[in-house]
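Visitor: Let me begin by handing over the structure; questions about it come next.
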Amino acid sequence: MGRIYWVHLIVVICLGMFVSSLCQDDSDEITAVYIVTLRQAPVSHYYDELRRGVNGIKHGASGRLTRFHKPRYRNISRTDKRYGSYVSRVHDSLLRKALKGQKYLKLYSYHYLINGFSVLVTQQQAEQLAQRREVSNVVLDFSVRTATTHTPEFLGLQEGAWFQEGGYETAGEGIVIGFIDTGIDPTHPSFSDDISEHLYPVPVHFSGICEVTRDFPSGSCNRKLVGARHFAASAITRGIFNSTQDYASPFDGDGHGTHTASVAAGNHGIPVVVTGHYFGNASGMAPRSHIAVYKALYKSFGGFAADVVAAIDQAAQDGVDIISLSITPNRRPPGIATFFNPIDMALLAAVKAGIFVVQAAGNTGPSPKSMSSFSPWIFTVGAASHDRTYSNSIVLGNKVTTSGVGLAPGTDEDTMYTLISALHALNNDTKVSDDMYMGECQDSSNFNQDLVQGKLLICSYSIRFILGLSTIKQAVETAKNLSAVGIVFYMDPFVLGFQLNPVPMQMPGIIIPSPNDSKILLQYYNSSLERDRITKEIVKFGAVASIYGGLKANYSNAAPKIMYYSARGPDPEDSFLDDADILKPNLVAPGNFIWAAWSSLGTDSVEFQGENFAMMSGTSMAAPHIAGLAALIKQKFPIFSPSAIGSALSTTASLFDRNGGPIMAQRAYATPDLNQSPATPFDMGSGFVNATAALNPGLVFDSSYDDYMSFLCGINGSAPVVLNYTSQSCWPNNSTIYGPDLNLPSITIAKLNQYRVVQRTVTNVAAGNETYSVGWSAPYGVSVKVSPAHFCITSGERQVLNVSFNANINSTVASFGRIGLFGNQGHVVNIPLSVVVKISNNITNS
């Protein structure tokens, strides 16, 4: 164990020294990491064994490969290590020939999904590589970033999906989910393999390994956590890798990766105890699924595409069934289409290999076109609330009750305690002018304990709490050091437009999230002060209050709703923000206030440092919900292609909240609940995931790798780019598919020029025959007709639907509709319609 760790450390040190010398010797030119793709197809193109489907739901690989010599590794199996070393030697040979006598540093050889490598070179050297006939594409590396006790009940898993398939003890068994994230804490009970008498099986199709380092010792992996690696070469070459914070191992020094892995596949029934308070038992969506970790993101800097592509390539080679990415690019990919970037194209190759790919939509909402996940082969997930909330209240001495948040106990119910502002409790030698943020209570030495003892301390909070410059945890520590009976946080009136998540506190406390309620508190407090008429010094603190605890969960019917931060469509097709004919997000899932496992050394949230669980919010939390539910579908329907799994999730989604009303979408960062309206497909895709219905979809829409290739070839000017990324030509079959014609479970038309007919093909995956009737509601300004309006379909049979759109008005405002297929056996298939620009043949003055 120790020997392996020190060898790895020496490699890191030497790599850093090499990069330093490279930069010094070539001081006239700046070096950077480039991702280079070769024309020769990757190894996975030759494996019949990877085409795991056995019927029409799973399509084989494309036959439209460009001609080149047959590679030597054609007859080597996926688990054979020889092909990796052979391809690596080919890459080394190319670099030596192209860059004779020059210094460079190869970081990775990609050989499974992509035939290429990443290399640290100058711009001039990158141009030299691009001129080689073996090279098809050279792309500059870019940065990426990271974008539950109750959600199984909220999604109905206990009595629905789990119950129907044998209970939580087998839910997801045999399915391996690969996580591209910040790593994992292998010591967490959510990832143990010995918590029940029902032993975990060994997934025979998975061939990954477990890295062994000092941070990740031998025995860290087991039958639950079946693989763990880390990828950081691109970060190391930039000199930004901090081994003390980031860990040169699969260990999670951030917390994010541990959290997302447990949301999808954490063990069932793990007690959630935070700051000594019990918040229930946690479970992943597929608690019996296996976990494979590919760490490519880090606390101190995020991550880079070169490392992420290496992680994706390795995950596919290892044999994962599902890839979950709670990460998004830091910028919109440049070029003729957003789909053409190294990460999306690597994921396309993963889909070709039969892997279902899930990605977070991004946390850049609520503005339109804020989507950070672009391609139709990726299942993109937005964030919604669920019905559990934690709220408490403070009752003031003037009988006014103000609500707030805070995972904290209350004060004695029958006792009112004196309130004191931190700004009125300073030491004699401390002045507000010394620090304008003194009211945030970050340093107990600034305050007079005799004044605070036995009182409720009032502290302010500002945007500094979001940035981590001040913390609730430190303010609570200040209150404890001063012997306060509790703590009250109010919003700084000069800094508005953000919300604090509920934060666990060991003492009575409350966070008042509303600026108006904060003003009510301060007005009462100031009006209750008694001052000396001459000196104006405070002689009595007259305001009193009592805090009612917030440890007990409340449940609301006004859920789910789309969270303000969840990224929105329409899907941007290019850097000019032209709209793609692809609906994004595909779906929404719980992403707000999610309890899940936390790394013992996780530092992403100061408030949860040292805890085993954390409550987090974001589309990062929504994506693994879908990854886990996809594992349940894959377990029941092992022959389903990735698109069929996505279809089952999409067509069965719910359009209504728990109250029976339309799902609402928050539309402002500030006071989001006061700025909301019914959600559209650009907010929620097909709707809110319905886990139980997704296991019995009735009909599915299926798209193959060939379809996606034809779609890419249909983009104007894309032929050379497609060839560069995939080594496949658009010309042999001369077939193209435009976005609206992809066989997706939705229809999006960015520009409807008078009239358009699109087709959809459904396949009956139910056990028996079924008769369907078709209904629809048309987008505003558009007439719609679907034929046939009725059809009978046998098990395994396909049915083609013709959908005609006719623009009645000229408009640039997006409008929405739906098609519903209603089966006499109870299946309901939901198809959202979105039309942005409408150009009518009847020109009007309007």
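Residues in the structure tokens are named by chain (A, B, ... in the order shown) and by number from 1 within that chain; ligands are numbered from 1 in the order shown.
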Please produce, as CSV, a per-residue contact table for segment 662-761 of chain A versus segment 815-830 of chain A (criterion: any atom at most 10 Å away, only C-alpha atoms considered), showing the nearest atom pair and its distance in Å to one decimal, sorted by chain then residue number.

Guide:
```
residue,atom,partner,partner_atom,distance
A:Thr680,CA,A:Phe816,CA,7.1
A:Pro681,CA,A:Phe816,CA,7.3
A:Phe682,CA,A:Phe816,CA,9.2
A:Ser686,CA,A:Asn830,CA,7.4
A:Gly687,CA,A:Asn830,CA,9.2
A:Ala693,CA,A:His827,CA,8.7
A:Asn696,CA,A:His827,CA,7.8
A:Pro697,CA,A:His827,CA,6.7
A:Gly698,CA,A:His827,CA,5.6
A:Leu699,CA,A:Val829,CA,7.1
A:Val700,CA,A:Val829,CA,8.6
A:Pro745,CA,A:Asn830,CA,7.9
A:Ser746,CA,A:Asn830,CA,8.4
A:Ile747,CA,A:Arg818,CA,9.1
A:Thr748,CA,A:Phe816,CA,9.2
```

Visitor: Select from segment 427-612 of chain A everything DSSP, run on the backbone, classes as strand (DSSP E or B), then give the selection as a VMD selection string.

Guide: chain A and resid 447 456 to 461 486 to 491 504 509 to 511 529 to 531 538 to 541 544 to 548 553 to 555 561 to 562 572 579 587 to 590 594 to 597

Visitor: Could those residues be written to a file, using C-alpha atoms, as a CSV table (one decimal), in the first residue's frame?

Guide:
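After the write, part-v5.csv holds the following:
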```csv
chain,number,residue,atom,x,y,z
A,447,PHE,CA,-18.4,41.2,22.2
A,456,LEU,CA,-31.1,35.9,22.2
A,457,LEU,CA,-28.3,37.3,20.0
A,458,ILE,CA,-29.3,39.1,16.8
A,459,CYS,CA,-26.9,38.8,13.9
A,460,SER,CA,-27.1,40.0,10.3
A,461,TYR,CA,-26.3,37.9,7.2
A,486,GLY,CA,-30.1,31.3,21.2
A,487,ILE,CA,-29.4,33.2,17.9
A,488,VAL,CA,-31.5,35.1,15.4
A,489,PHE,CA,-30.3,36.0,11.9
A,490,TYR,CA,-31.9,38.8,9.9
A,491,MET,CA,-31.2,39.7,6.3
A,504,PRO,CA,-28.2,22.8,11.3
A,509,GLY,CA,-31.8,29.6,16.3
A,510,ILE,CA,-33.7,30.9,13.3
A,511,ILE,CA,-32.8,32.5,9.9
A,529,LEU,CA,-34.8,50.1,23.5
A,530,GLU,CA,-34.7,52.5,26.4
A,531,ARG,CA,-32.0,55.2,26.2
A,538,ILE,CA,-28.9,52.2,26.0
A,539,VAL,CA,-30.1,51.6,29.5
A,540,LYS,CA,-32.5,48.7,28.9
A,541,PHE,CA,-33.1,46.1,26.1
A,544,VAL,CA,-38.3,39.9,24.0
A,545,ALA,CA,-39.0,36.8,21.9
A,546,SER,CA,-39.4,33.0,21.9
A,547,ILE,CA,-38.2,30.7,19.1
A,548,TYR,CA,-40.2,27.7,18.1
A,553,ALA,CA,-40.3,18.5,8.9
A,554,ASN,CA,-43.4,20.0,7.4
A,555,TYR,CA,-45.1,18.7,4.3
A,561,LYS,CA,-42.1,23.5,-8.3
A,562,ILE,CA,-39.2,24.4,-10.6
A,572,PRO,CA,-28.9,26.9,-27.5
A,579,ASP,CA,-32.3,27.8,-30.8
A,587,LEU,CA,-37.1,16.2,-17.2
A,588,VAL,CA,-37.0,17.6,-13.6
A,589,ALA,CA,-36.4,15.7,-10.4
A,590,PRO,CA,-36.0,16.6,-6.7
A,594,ILE,CA,-31.7,17.1,-0.4
A,595,TRP,CA,-30.2,15.2,2.6
A,596,ALA,CA,-27.5,12.7,1.5
A,597,ALA,CA,-24.1,11.3,2.5
```

Visitor: Given only C-alpha atoms, how would the per-residue table for segment 267-307 of chain A near segment 109-128 of chain A read, listing every residue at most 12 Å away with its closest atom pair and distance in Å to one decimal, sorted by chain and number, as JSON lines?

Guide:
```
{"residue": "A:Phe304", "atom": "CA", "partner": "A:Ser118", "partner_atom": "CA", "distance": 11.2}
{"residue": "A:Ala305", "atom": "CA", "partner": "A:Ser118", "partner_atom": "CA", "distance": 9.7}
{"residue": "A:Ala306", "atom": "CA", "partner": "A:Ser118", "partner_atom": "CA", "distance": 6.3}
{"residue": "A:Asp307", "atom": "CA", "partner": "A:Ser118", "partner_atom": "CA", "distance": 8.9}
```

Visitor: Out of A:Gly714, A:Tyr725, A:Val204, A:Ser243, which residue has the shortest atom-to-atom distance to Ile343 of chain A when counting only C-alpha atoms?

Guide: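 Nearest candidate to Ile343 of chain A out of A:Gly714, A:Tyr725, A:Val204, A:Ser243: A:Tyr725.
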
Visitor: Which is closest to Ala261 of chain A among A:Leu407, A:Val293, A:Leu712, A:Leu833, if we use only C-alpha atoms?

Guide: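 Between A:Leu407, A:Val293, A:Leu712, A:Leu833, the residue approaching Ala261 of chain A most closely is A:Val293.
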
Visitor: Return the single residue from A:His205, A:Val274, A:Ala349, A:Ile645 that is closest to Val43 of chain A, with distances computed using only C-alpha atoms.

Guide: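 For Val43 of chain A, the nearest of the given residues is A:Ala349.
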
Visitor: For segment 244-257 of chain A, find every residue with an atom within 9 Å (counting only C-alpha atoms), except residues of its own chain fewer than 5 positions away, and show them as number ranges by chain.

Guide: A: 8-9, 12, 146, 179-186, 210-216, 228-232, 262, 293-300, 326, 597-605, 614, 616, 620

Visitor: So how far away is atom CA of Tyr108 of chain A from atom CA of Asp318 of chain A, in Å?

Guide: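 Separating atom CA of Asp318 of chain A from atom CA of Tyr108 of chain A is a distance of 16.5 Å.
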
Visitor: Measuring atom to atom with only C-alpha atoms, identify which of A:Pro493, A:Ala691, A:Ile291, A:His259 is nearest to Ser518 of chain A.

Guide: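 Using only C-alpha atoms, the shortest distance to Ser518 of chain A belongs to A:Pro493.
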
Visitor: Which is closest to Gln506 of chain A among A:Leu801, A:Leu551, A:Val722, A:Leu105, if we use only C-alpha atoms?

Guide: A:Leu551

Visitor: Pick out the residues sitting within 10 Å of segment 656-671 of chain A, and hand them over as a PyMOL selection string; count only C-alpha atoms, and ignore anything fewer than 3 positions along from it in its own chain.

Guide: chain A and resi 154+365-367+384+386-387+496-499+513-515+556-566+653+674-680+683-684+687-688

Visitor: Please provide the set of residues having any atom within 6 Å of Asn137 of chain A, restricted to only C-alpha atoms, with same-chain residues fewer than 6 positions apart removed, written as a PyMOL selection string.

Guide: chain A and resi 36-37+724

Visitor: Against segment 715-720 of chain A, which residues of segment 315-344 of chain A fall within 12 Å? For each one I want the closest pair of atoms and the distance in Å (one decimal), counting only C-alpha atoms, rows by chain and increasing residue number, as JSON lines.

Guide:
```
{"residue": "A:Gly335", "atom": "CA", "partner": "A:Ser718", "partner_atom": "CA", "distance": 9.9}
{"residue": "A:Ile336", "atom": "CA", "partner": "A:Ser718", "partner_atom": "CA", "distance": 7.3}
{"residue": "A:Ala337", "atom": "CA", "partner": "A:Ile715", "partner_atom": "CA", "distance": 8.0}
{"residue": "A:Thr338", "atom": "CA", "partner": "A:Ile715", "partner_atom": "CA", "distance": 11.2}
{"residue": "A:Phe339", "atom": "CA", "partner": "A:Ile715", "partner_atom": "CA", "distance": 10.3}
{"residue": "A:Phe340", "atom": "CA", "partner": "A:Ser718", "partner_atom": "CA", "distance": 9.2}
```

Visitor: Print the selection's residues with C-alpha atoms to a file, as a JSON list (two decimals), in the first residue's frame.

Guide:
```
[["chain", "number", "residue", "atom", "x", "y", "z"],
["A", 335, "GLY", "CA", -18.11, 26.34, -33.08],
["A", 336, "ILE", "CA", -20.97, 25.59, -35.46],
["A", 337, "ALA", "CA", -23.01, 23.76, -32.78],
["A", 338, "THR", "CA", -22.87, 23.26, -29.02],
["A", 339, "PHE", "CA", -23.06, 19.50, -29.57],
["A", 340, "PHE", "CA", -19.52, 19.43, -31.00]]
```

Visitor: What is the distance between atom CA of Thr402 of chain A and atom CA of Glu440 of chain A, in Å to one decimal?

Guide: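 That distance, rounded to one decimal, is 20.4 Å.
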
Visitor: Would you mind telling me which residue in A:Glu134, A:Ala694, A:Arg39, A:Val757 lies nearest to Gln728 of chain A when using only C-alpha atoms?

Guide: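 Result for the nearest residue to Gln728 of chain A: A:Arg39.
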